[in-house]
Amino acid sequence: MPAQHPSVVFIGGGPRTAGILERLAANRPGLADGPVHIHIVEPYEPGSGRIWRFDQEPGLMMNSTAADVTMFTDASVLCEGPPIDGPGLAAWAAGVRDGSITDVPAIPPHLQEQLRSLTGSSFATRQLQSKYLEWFFRRAVRALGSDVRVTVHRDTAVSVEPLSVEPLSVEPLSGEQQGDDGGYSVRLAGGGTLQADVVITALGHTDAEPEARSAAWTGFAARNGGFHAAPSYTTDVDYSPLAPGQDVIVSGMGLAFVDLLVLLTEGRGGRFEETADGGLRYLPSGAEPRLWAGSRRGVPFHSKISVALRGEPAGAPLFFTADAVGALLAAHAELDFRSHLWPLIAKDAGFGYYRELFTGSPERVALGWDEFAGKFAALDWYSSARRELVAAAVPDPGLHLDLEQLDKPFGGQLFEGHADVQEAVAGYIEHDLELRTGPDHPETLALFMALLKVYMELGRIVPPERLNARSQEEVHGWWHGFFSFVDSGPPPRRLREMLAVHRAGLLNFLGPGLAVAADDATGEFVATSAHSPVSLRTKALIEARLPGPAVARSANPLLRSLHGTGLGAEQHLLTADGGHSTGRLLITSGHRIVGRSGGTRSRLFGIGPGTSGWGAGAFARPGTNAAPFRENDALARKILEAVSGAGRPRTAAAVGKA
């Protein structure tokens, strides 16, 4: 390919980049038909990247069923480019089995066995998902055509340097830059340099230098012969210093905790066996430490749901709509999440929940659905009249949807002692499994689906720049956390395993309101709960969660370089409590990276969970108009427009070592 052809560099080659490549192929006709050289800088296997790489504990599972995972932009996605459907994970596995899908990465014997048994309701391992993602990447590259050259550099980008010194264009975050720039030089850790007309950072979840408190705990543990694991991707932490039987405080009970439990039980030689009553028994290997887990809520994320709907099919949101948000935007200069948006979101969640309850289990209610729905639609979610309507129509108070209680399961409840905490948390998990896997509560699935739809809609219909600062913080914080707690939990089996490990005496619950301190006098970490007298002193502490985004403290050299040179900046918000940095890489609504001066360059883009953009994840459920697919399409079109307008020749090949 001649050297004058335009070039594009993707920094990060995981599933997000693969999705954008697929959209580039779909949108190329009519936008940029000429030859292009695409460079992908990714130290791991392209397609799967670091998080979804094959080389991780074989027992780690996805938290979505195979039927709920696709990389394809189907007809439900509202985007300018043409939708191109294709097999999700379940259909891909079936195609690999029958030979209709080819060019599949090598699949080892233990995954062949999983392929043979995988159905739409199965929870695949992350290793199998890695093969699907790698296959999708290969397919996307082929779809780009013979005049697009794709070069993968198994390396790490350490800096991006503009080739021109023109001033950045200053624009509002909602604006779009139409000007040109002189391209970029991307330096690699291995010593090579790539010349690029367009650069896209798609880094996924990255590590960060510990926050002050975590750094202090690491130093404390080192001085006192203890162990401390700061927030990190769970499978990348070395837990070998933890001795068999050692007491360990675990702060956090989300998905990272679920993974941790796998690594420290089955990963150390333990195993589970089915009991005669259909339960699970854990058979220890003797190598396990003893875990003491707590968190703000004191309970793990809710189980994924296996029950089916009985009533009317779930519909689109009725209250949290583009028209409703438009009316709010017309009436208010800034929107407040709690006062303006959350009541509409809650009302849609409630409407979906009660529609299933009334139409799928009419024996449990005292009114017909049409009568209830008409009255419900006219009332505010937080009105006393709405509560009175529900009380009259649903005789069992246990079936009343209380989103605040859902968020704080134990509220202000106080426990008398250790045994009470164990009974309460174990009982909560057992009840959750009954609600979500038993046949009698399909309304839990209706709530799941309603929350998923409004979660996806928020990024589409609410301009982030029109939210006040407190609300931008709350959307990325509380709202994302609440949605994940209810809708993004583990497979049911993981909670059954959690209970089995608890019964085996290797997992204790500390309860809600967890607080951890370091006692310099004894060299021990001390865990306490605001809701009980339970406390624990031990030399080991694990913070079971991913690190938050932190451009300035990032362990990724490219992000640190962007921040240091001023090409990129952290998102700063002015809240009622003063200035606050979210730690996210600030981007415009068009995904252009915003520099320290507040300006942007026309061909420097950022996307992914570490940016201030809203779209979450890299793959999604089919048929849901998923936000990442909409974003991928819009960004692909901007990349193609930038490539077609590249103003001068560019060397497409790597210079030096690559």
# chains A, B, ... in the order shown; residues from 1 in each chain; ligands from 1

call {"tool": "select_by_dssp", "arguments": {"residues": "segment 492-601 of chain A", "states": "strand (DSSP E or B)", "output": "NGL selection string"}}
result
:A and (507-511 or 514-519 or 524-529 or 532-538 or 540-543 or 554 or 570-575 or 578-585 or 587 or 592-594 or 599-601)

call {"tool": "closest_atom_pairs", "arguments": {"of": "segment 291-397 of chain A", "to": "segment 518-534 of chain A", "cutoff": "10 Å", "atoms": "only C-alpha atoms", "output": "CSV"}}
result
residue,atom,partner,partner_atom,distance
A:Trp292,CA,A:Ala527,CA,8.9
A:Ala293,CA,A:Ala527,CA,9.5
A:Gly294,CA,A:Ser529,CA,8.1
A:Ser295,CA,A:Ser529,CA,8.9
A:Arg296,CA,A:Ser529,CA,9.2
A:Gly298,CA,A:Ser529,CA,9.1

call {"tool": "closest_residue", "arguments": {"among": "A:Trp217, A:Pro87, A:Ala208, A:Lys347", "to": "Ser232 of chain A", "atoms": "only C-alpha atoms"}}
result
A:Ala208

call {"tool": "closest_residue", "arguments": {"among": "A:Glu161, A:Asp33, A:Asp487, A:Glu80", "to": "Val148 of chain A", "atoms": "only C-alpha atoms"}}
result
A:Asp33

call {"tool": "residues_around", "arguments": {"residues": "Tyr184 of chain A", "least_positions_apart": "2", "cutoff": "7 Å", "atoms": "only C-alpha atoms", "output": "number ranges by chain"}}
result
A: 160-163, 182, 186, 195-197

call {"tool": "residues_around", "arguments": {"residues": "segment 13-29 of chain A", "least_positions_apart": "4", "cutoff": "6 Å", "atoms": "only C-alpha atoms", "output": "JSON, numbers by chain"}}
result
{"A": [33, 40, 42, 46, 47, 48, 49, 81, 137, 140, 143, 144, 618, 632, 633, 636]}

call {"tool": "write_last_selection", "arguments": {"atoms": "C-alpha atoms", "output": "tab-separated table (two decimals), in the first residue's frame"}}
result
chain	number	residue	atom	x	y	z
A	33	ASP	CA	-13.76	4.24	-0.06
A	40	ILE	CA	-3.92	-1.55	16.49
A	42	GLU	CA	-2.59	-4.10	21.96
A	46	PRO	CA	-6.69	-8.44	19.68
A	47	GLY	CA	-10.42	-8.78	20.13
A	48	SER	CA	-10.34	-10.02	23.70
A	49	GLY	CA	-7.71	-7.66	25.13
A	81	GLY	CA	-24.95	3.33	9.62
A	137	PHE	CA	-12.24	-9.27	15.53
A	140	ALA	CA	-14.45	-7.37	11.34
A	143	ALA	CA	-15.11	-7.11	6.32
A	144	LEU	CA	-13.00	-3.96	5.92
A	618	ALA	CA	-18.44	-3.31	24.79
A	632	ASN	CA	-19.42	2.71	17.93
A	633	ASP	CA	-21.38	3.63	14.84
A	636	ALA	CA	-16.79	5.10	13.15

call {"tool": "select_by_dssp", "arguments": {"residues": "segment 199-268 of chain A", "states": "helix (DSSP H, G or I)", "output": "PyMOL selection string"}}
result
chain A and resi 212-223+234-236+255-264+266-268

call {"tool": "write_last_selection", "arguments": {"atoms": "N, CA and C atoms", "output": "short mmCIF file (atom, residue, chain, number, x, y, z; two decimals), in the first residue's frame"}}
result
data_model
loop_
_atom_site.label_atom_id
_atom_site.label_comp_id
_atom_site.auth_asym_id
_atom_site.auth_seq_id
_atom_site.Cartn_x
_atom_site.Cartn_y
_atom_site.Cartn_z
N ALA A 212 -4.80 7.62 48.22
CA ALA A 212 -3.98 7.86 49.42
C ALA A 212 -4.25 6.82 50.51
N ARG A 213 -5.51 6.51 50.74
CA ARG A 213 -5.83 5.56 51.82
C ARG A 213 -5.31 4.17 51.49
N SER A 214 -5.52 3.73 50.24
CA SER A 214 -5.04 2.41 49.85
C SER A 214 -3.52 2.34 49.89
N ALA A 215 -2.87 3.41 49.43
CA ALA A 215 -1.40 3.44 49.46
C ALA A 215 -0.90 3.35 50.90
N ALA A 216 -1.59 4.04 51.81
CA ALA A 216 -1.19 3.99 53.22
C ALA A 216 -1.36 2.58 53.78
N TRP A 217 -2.44 1.90 53.39
CA TRP A 217 -2.66 0.53 53.86
C TRP A 217 -1.61 -0.43 53.31
N THR A 218 -1.19 -0.21 52.06
CA THR A 218 -0.13 -1.05 51.49
C THR A 218 1.16 -0.89 52.30
N GLY A 219 1.50 0.36 52.62
CA GLY A 219 2.68 0.61 53.43
C GLY A 219 2.55 0.03 54.83
N PHE A 220 1.37 0.16 55.40
CA PHE A 220 1.10 -0.38 56.74
C PHE A 220 1.31 -1.90 56.75
N ALA A 221 0.76 -2.58 55.75
CA ALA A 221 0.90 -4.04 55.68
C ALA A 221 2.36 -4.44 55.52
N ALA A 222 3.10 -3.71 54.70
CA ALA A 222 4.51 -4.03 54.47
C ALA A 222 5.33 -3.86 55.75
N ARG A 223 5.02 -2.81 56.51
CA ARG A 223 5.79 -2.56 57.74
C ARG A 223 5.51 -3.60 58.82
N THR A 234 -9.27 -8.53 39.63
CA THR A 234 -9.07 -9.57 40.64
C THR A 234 -8.09 -10.66 40.19
N THR A 235 -8.20 -11.09 38.96
CA THR A 235 -7.39 -12.21 38.51
C THR A 235 -5.92 -11.85 38.32
N ASP A 236 -5.59 -10.56 38.36
CA ASP A 236 -4.20 -10.13 38.18
C ASP A 236 -3.46 -9.93 39.50
N LEU A 255 -18.97 -7.95 41.96
CA LEU A 255 -18.48 -8.99 41.06
C LEU A 255 -17.02 -9.34 41.32
N ALA A 256 -16.22 -8.37 41.74
CA ALA A 256 -14.82 -8.68 42.06
C ALA A 256 -14.75 -9.65 43.23
N PHE A 257 -15.65 -9.52 44.19
CA PHE A 257 -15.69 -10.45 45.32
C PHE A 257 -16.07 -11.86 44.86
N VAL A 258 -17.01 -11.94 43.94
CA VAL A 258 -17.42 -13.25 43.41
C VAL A 258 -16.22 -13.93 42.74
N ASP A 259 -15.46 -13.19 41.95
CA ASP A 259 -14.26 -13.75 41.32
C ASP A 259 -13.24 -14.17 42.37
N LEU A 260 -13.06 -13.34 43.38
CA LEU A 260 -12.10 -13.64 44.44
C LEU A 260 -12.45 -14.97 45.11
N LEU A 261 -13.72 -15.18 45.36
CA LEU A 261 -14.15 -16.42 46.01
C LEU A 261 -13.78 -17.63 45.16
N VAL A 262 -13.92 -17.52 43.85
CA VAL A 262 -13.54 -18.62 42.95
C VAL A 262 -12.04 -18.89 43.06
N LEU A 263 -11.25 -17.82 43.00
CA LEU A 263 -9.79 -17.98 43.01
C LEU A 263 -9.28 -18.60 44.31
N LEU A 264 -9.95 -18.27 45.43
CA LEU A 264 -9.45 -18.73 46.73
C LEU A 264 -10.13 -20.01 47.22
N GLU A 266 -12.06 -22.93 44.64
CA GLU A 266 -11.75 -23.88 43.57
C GLU A 266 -10.34 -23.65 43.03
N GLY A 267 -9.93 -22.38 42.99
CA GLY A 267 -8.59 -22.07 42.51
C GLY A 267 -7.50 -22.62 43.41
N ARG A 268 -7.86 -23.00 44.63
CA ARG A 268 -6.88 -23.61 45.55
C ARG A 268 -7.17 -25.09 45.80
#

call {"tool": "closest_residue", "arguments": {"among": "A:Asn508, A:Thr193, A:Asn556, A:Ser471", "to": "Asp336 of chain A", "atoms": "only C-alpha atoms"}}
result
A:Ser471

call {"tool": "residues_around", "arguments": {"residues": "Val594 of chain A", "least_positions_apart": "5", "cutoff": "8 Å", "atoms": "only C-alpha atoms", "output": "list in words"}}
result
Leu567, Gly568, Ala569, Leu586, Ile587, Thr588, Gly599, Thr600 and Arg601 of chain A

call {"tool": "atom_distance", "arguments": {"atom1": "atom CA of Lys131 of chain A", "atom2": "atom CA of Asp74 of chain A"}}
result
20.9 Å

call {"tool": "atom_distance", "arguments": {"atom1": "atom CA of Gly417 of chain A", "atom2": "atom CA of Glu543 of chain A"}}
result
24.2 Å

call {"tool": "closest_residue", "arguments": {"among": "A:Leu435, A:Leu536, A:Ala626, A:Val36", "to": "Ser306 of chain A", "atoms": "only C-alpha atoms"}}
result
A:Leu435

call {"tool": "closest_residue", "arguments": {"among": "A:Gln129, A:Ala189, A:Gly183, A:Arg138", "to": "Ala642 of chain A", "atoms": "only C-alpha atoms"}}
result
A:Gly183

call {"tool": "residues_around", "arguments": {"residues": "Gly606 of chain A", "least_positions_apart": "3", "cutoff": "8 Å", "atoms": "only C-alpha atoms", "output": "list in words"}}
result
Ile200, Thr201, Ala202, Leu585, Ile587, His591, Arg592, Ile593 and Thr611 of chain A
